[in-house]
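Asker: Contents of entry27.txt (compact mmCIF, C-alpha atoms):
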# COMPACT_ATOMS: atom_id res chain seq x y z
CA MET A 1 11.64 -14.39 0.08
CA SER A 2 13.42 -11.24 1.16
CA GLY A 3 11.62 -7.93 0.98
CA THR A 4 8.14 -9.29 0.47
CA ALA A 5 5.38 -11.11 2.29
CA ARG A 6 3.38 -13.77 0.51
CA GLN A 7 -0.35 -13.83 1.12
CA SER A 8 -2.13 -17.05 2.03
CA GLU A 9 -5.63 -17.85 3.19
CA ASN A 10 -4.40 -17.47 6.77
CA ALA A 11 -2.73 -14.12 6.02
CA LEU A 12 -5.92 -12.07 5.53
CA PRO A 13 -5.79 -10.56 9.02
CA ALA A 14 -2.15 -9.61 8.43
CA LEU A 15 -3.03 -8.08 5.06
CA ALA A 16 -5.90 -6.06 6.54
CA GLU A 17 -3.73 -5.07 9.50
CA MET A 18 -0.86 -3.95 7.26
CA LEU A 19 -3.23 -1.94 5.06
CA SER A 20 -4.87 -0.35 8.10
CA ARG A 21 -1.44 0.62 9.45
CA ALA A 22 -0.42 2.12 6.11
CA LEU A 23 -3.70 3.99 5.56
CA ALA A 24 -3.58 5.48 9.06
CA GLU A 25 -0.45 7.42 8.11
CA PRO A 26 -0.89 11.16 7.56
CA ARG A 27 -1.00 12.06 3.84
CA ALA A 28 -1.33 8.44 2.74
CA ARG A 29 -3.09 7.98 -0.57
CA VAL A 30 -4.19 4.91 -2.50
CA ILE A 31 -3.08 4.89 -6.12
CA VAL A 32 -4.58 2.47 -8.62
CA ARG A 33 -3.20 2.31 -12.16
CA ALA A 34 -5.28 0.63 -14.83
CA PRO A 35 -3.87 -0.80 -18.04
CA GLY A 36 -4.21 1.73 -20.82
CA GLY A 37 -3.13 4.76 -18.82
CA ALA A 38 -5.87 5.55 -16.29
CA VAL A 39 -4.79 6.46 -12.76
CA ALA A 40 -7.02 6.96 -9.73
CA GLU A 41 -5.89 8.46 -6.43
CA VAL A 42 -7.97 8.27 -3.26
CA VAL A 43 -6.85 10.68 -0.56
CA GLY A 44 -7.97 11.00 3.04
CA THR A 45 -8.41 8.80 6.06
CA LEU A 46 -9.39 5.39 4.75
CA THR A 47 -10.50 2.42 6.80
CA VAL A 48 -10.23 -1.24 5.82
CA SER A 49 -13.27 -3.48 6.09
CA GLY A 50 -14.66 -6.69 4.62
CA GLY A 51 -12.66 -9.62 3.36
CA GLU A 52 -14.55 -12.30 5.25
CA GLU A 53 -14.31 -15.82 3.86
CA ALA A 54 -17.71 -15.60 2.14
CA ARG A 55 -16.98 -12.08 0.84
CA PRO A 56 -13.35 -11.92 -0.23
CA TRP A 57 -13.43 -8.21 -1.16
CA LEU A 58 -11.76 -5.67 1.07
CA ARG A 59 -13.05 -2.10 1.00
CA LEU A 60 -10.56 0.71 1.53
CA GLY A 61 -12.63 3.72 2.56
CA GLU A 62 -16.28 4.22 3.38
CA GLU A 63 -19.07 2.91 1.14
CA SER A 64 -20.73 6.34 1.18
CA GLY A 65 -17.55 8.13 0.10
CA SER A 66 -14.46 7.58 -2.00
CA HIS A 67 -13.28 4.01 -1.72
CA VAL A 68 -11.52 1.15 -3.51
CA HIS A 69 -12.60 -2.49 -3.61
CA LEU A 70 -9.79 -5.04 -3.58
CA ASP A 71 -10.16 -8.79 -4.07
CA ARG A 72 -7.86 -10.20 -1.40
CA ARG A 73 -7.44 -13.39 -3.47
CA ALA A 74 -5.58 -11.34 -6.10
CA VAL A 75 -2.95 -10.14 -3.61
CA HIS A 76 0.07 -12.44 -3.67
CA ARG A 77 2.55 -10.30 -1.84
CA LEU A 78 3.26 -6.97 -0.24
CA ARG A 79 6.33 -4.89 -1.00
CA TYR A 80 7.61 -1.72 0.63
CA VAL A 81 9.62 0.54 -1.67
CA ALA A 82 11.54 3.66 -0.74
CA ALA A 83 13.33 4.82 -3.88
CA GLU A 84 15.33 8.06 -3.73
CA THR A 85 13.24 9.79 -6.41
CA ARG A 86 9.69 9.15 -5.23
CA ASN A 87 7.57 8.82 -2.11
CA ALA A 88 7.88 5.64 -0.08
CA ALA A 89 4.99 3.24 -0.70
CA LEU A 90 3.46 -0.06 0.27
CA GLU A 91 2.57 -2.01 -2.88
CA LEU A 92 0.11 -4.87 -3.19
CA LEU A 93 1.27 -7.17 -5.98
CA ASP A 94 -0.51 -9.82 -8.02
CA GLY A 95 0.85 -13.25 -8.93
CA ASP A 96 2.97 -11.79 -11.76
CA GLY A 97 4.52 -9.18 -9.47
CA SER A 98 2.52 -6.34 -11.01
CA PRO A 99 1.11 -3.72 -8.63
CA LEU A 100 -2.63 -3.93 -7.98
CA LEU A 101 -2.43 -0.73 -5.97
CA ARG A 102 -0.02 1.24 -3.86
CA VAL A 103 -0.35 3.22 -0.70
CA SER A 104 1.93 6.21 -1.19
CA PHE A 105 3.21 8.22 1.77
CA GLY A 106 3.40 11.94 1.00
CA GLY A 107 6.38 13.90 2.28
CA THR A 108 8.82 11.00 1.93
CA ASN A 109 10.47 11.85 -1.40
CA PRO A 110 14.07 13.02 -0.82
CA ALA A 111 14.12 14.51 -4.34
CA ARG A 112 11.53 17.11 -3.21
CA PRO A 113 13.34 18.88 -0.36
CA GLU A 114 10.58 21.47 0.08
CA ARG A 115 8.22 18.70 1.24
CA TYR A 116 10.61 16.02 2.46
CA GLU A 117 10.34 14.82 6.08
CA PRO A 118 13.34 12.58 6.80
CA GLY A 119 12.06 11.54 10.24
CA ARG A 120 8.79 10.39 8.74
CA ARG A 121 10.54 8.38 6.07
CA ALA A 122 12.80 6.79 8.71
CA ALA A 123 9.76 5.82 10.82
CA LEU A 124 8.04 4.25 7.79
CA ASN A 125 11.24 2.41 6.86
CA ALA A 126 11.32 0.95 10.37
CA ALA A 127 7.61 0.05 10.37
CA PHE A 128 7.74 -1.74 7.02
CA GLU A 129 11.38 -2.88 6.89
CA HIS A 130 10.35 -6.57 6.83
CA LEU A 131 8.71 -5.86 3.46
CA HIS A 132 11.43 -3.54 2.13
CA ASP A 133 12.80 -3.90 -1.37
CA PRO A 134 16.12 -2.01 -1.22
CA GLU A 135 16.29 -1.67 -5.00
CA GLY A 136 12.87 0.01 -5.12
CA ARG A 137 11.60 -2.31 -7.83
Starting from the coordinates I provided, produce the structure as C-alpha cells.

Answerer:
Amino acid sequence: MSGTARQSENALPALAEMLSRALAEPRARVIVRAPGGAVAEVVGTLTVSGGEEARPWLRLGEESGSHVHLDRRAVHRLRYVAAETRNAALELLDGDGSPLLRVSFGGTNPARPERYEPGRRAALNAAFEHLHDPEGR
C-alpha cells in the first residue's frame, strides 16, 4: 500500500519510534478532532511512553502535564501529508481511514510565506517520504 504503513502487533516499536521522531520536531503539535466539532491541540516537547502488551495505551506527553492517551490497537496506518495549503503532518488513521490524531509541523505551510520554512518542509518530506500521500488526502 503506497503512502501508508499498516500497523500490526509487531509494529508497535515502529509506531512509537515514528511518533517520537515526529514529536521531536520543533513546533510540532498534536491535534485531536472529536466528532461534533471539538478540537484539542497539545503543543510543546512531547515524549512517547507506554504501549506495552499488557497496557496497550501510548501516552504522548508527561502524565503531570498536557498529554494525550492513544490506544495503539486503534491505529491501523500512518500517513504523511504535505498539502500546499496547510502544514505538513503525520496522521494516525483508524480502520476506516479516519484520523485519530495528527502531528502537525508548524512552519511548513507554503500558503503562509511569512512563516514558511522550505528547508524544514523538505527535510520532513525526506524523513517521512515512505508514508507520503502525494494527494494530501

Asker: Is it possible to get the residues within 12 Å of (-7.2, 0.6, -13.2) (coordinates as in the file, counting only C-alpha atoms) written as a PyMOL selection string?

Answerer: chain A and resi 30-41+68-70+99-102

Asker: Write out as CSV a residue-level contact list of segment 76-132 of chain A versus segment 20-24 of chain A with cut-off 12 Å: for each qualifying residue the closest pair of atoms and the distance in Å to one decimal, counting only C-alpha atoms, rows sorted by chain and residue number upward.

Answerer:
residue,atom,partner,partner_atom,distance
A:Leu78,CA,A:Ala22,CA,11.7
A:Tyr80,CA,A:Ala22,CA,10.5
A:Ala88,CA,A:Ala22,CA,10.9
A:Ala89,CA,A:Ala22,CA,8.8
A:Leu90,CA,A:Ala22,CA,7.3
A:Glu91,CA,A:Ala22,CA,10.3
A:Leu92,CA,A:Ala22,CA,11.6
A:Arg102,CA,A:Ala22,CA,10.0
A:Val103,CA,A:Ala22,CA,6.9
A:Ser104,CA,A:Ala22,CA,8.7
A:Phe105,CA,A:Ala22,CA,8.3
A:Gly106,CA,A:Leu23,CA,11.6
A:Ala123,CA,A:Ala22,CA,11.8
A:Leu124,CA,A:Ala22,CA,8.9
A:Asn125,CA,A:Ala22,CA,11.7
A:Ala127,CA,A:Arg21,CA,9.1
A:Phe128,CA,A:Ala22,CA,9.1

Asker: Could you tell me how far atom CA of Arg112 of chain A lies from atom CA of Thr85 of chain A, in Å and to one decimal?

Answerer: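 So the two atoms, atom CA of Arg112 of chain A and atom CA of Thr85 of chain A, lie 8.2 Å apart.
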
Asker: Could you name the residues that touch Asn109 of chain A at 6 Å or less, counting all atoms listed in the file, but leaving out those on the same chain fewer than 4 positions away, as a list in words?

Answerer: Arg86, Asn87 and Tyr116 of chain A

Asker: Can you tell me how far atom CA of Glu25 of chain A sits from atom CA of Leu131 of chain A, in Å to one decimal?

Answerer: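 Atom CA of Glu25 of chain A sits 16.8 Å away from atom CA of Leu131 of chain A.
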
Asker: Which residue is closest to Pro26 of chain A? Choose from A:Gly61, A:Pro56, A:Gly95, A:Gly107 and count only C-alpha atoms.

Answerer: A:Gly107

Asker: Expressed in Å to a single decimal, how great is the separation between atom CA of Glu17 of chain A and atom CA of Gly119 of chain A?

Answerer: 22.9 Å

Asker: Show which residues sit within 9 Å of Arg59 of chain A, as a ChimeraX atom specification. Count all atoms listed in the file, and ignore same-chain residues fewer than 2 positions away.

Answerer: /A:47-51,57,61-63,67-71

Asker: For segment 26-43 of chain A, take all atoms listed in the file, fit an axis-aligned box around them, add 4 Å to each of the six sides, then output centre and edge lengths in Å rounded to one decimal, as JSON.

Answerer:
{"center_x": -4.4, "center_y": 5.6, "center_z": -6.6, "size_x": 15.1, "size_y": 20.9, "size_z": 36.4}

Asker: Between A:Arg120, A:Asp133, A:Ala14, A:Pro110, which is the closest to Ala28 of chain A once you count all atoms listed in the file?

Answerer: A:Arg120

Asker: Return the single residue from A:Glu114, A:Ser66, A:Arg55, A:Leu93 that is closest to Arg79 of chain A, with distances computed using only C-alpha atoms.

Answerer: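 For Arg79 of chain A, the nearest of the candidates is A:Leu93.
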
Asker: Could you tell me which of A:His132, A:Gly65, A:Arg29, A:Ala16 comes closest to Val81 of chain A if we count all atoms listed in the file?

Answerer: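 Selected residue with least distance to Val81 of chain A: A:His132.
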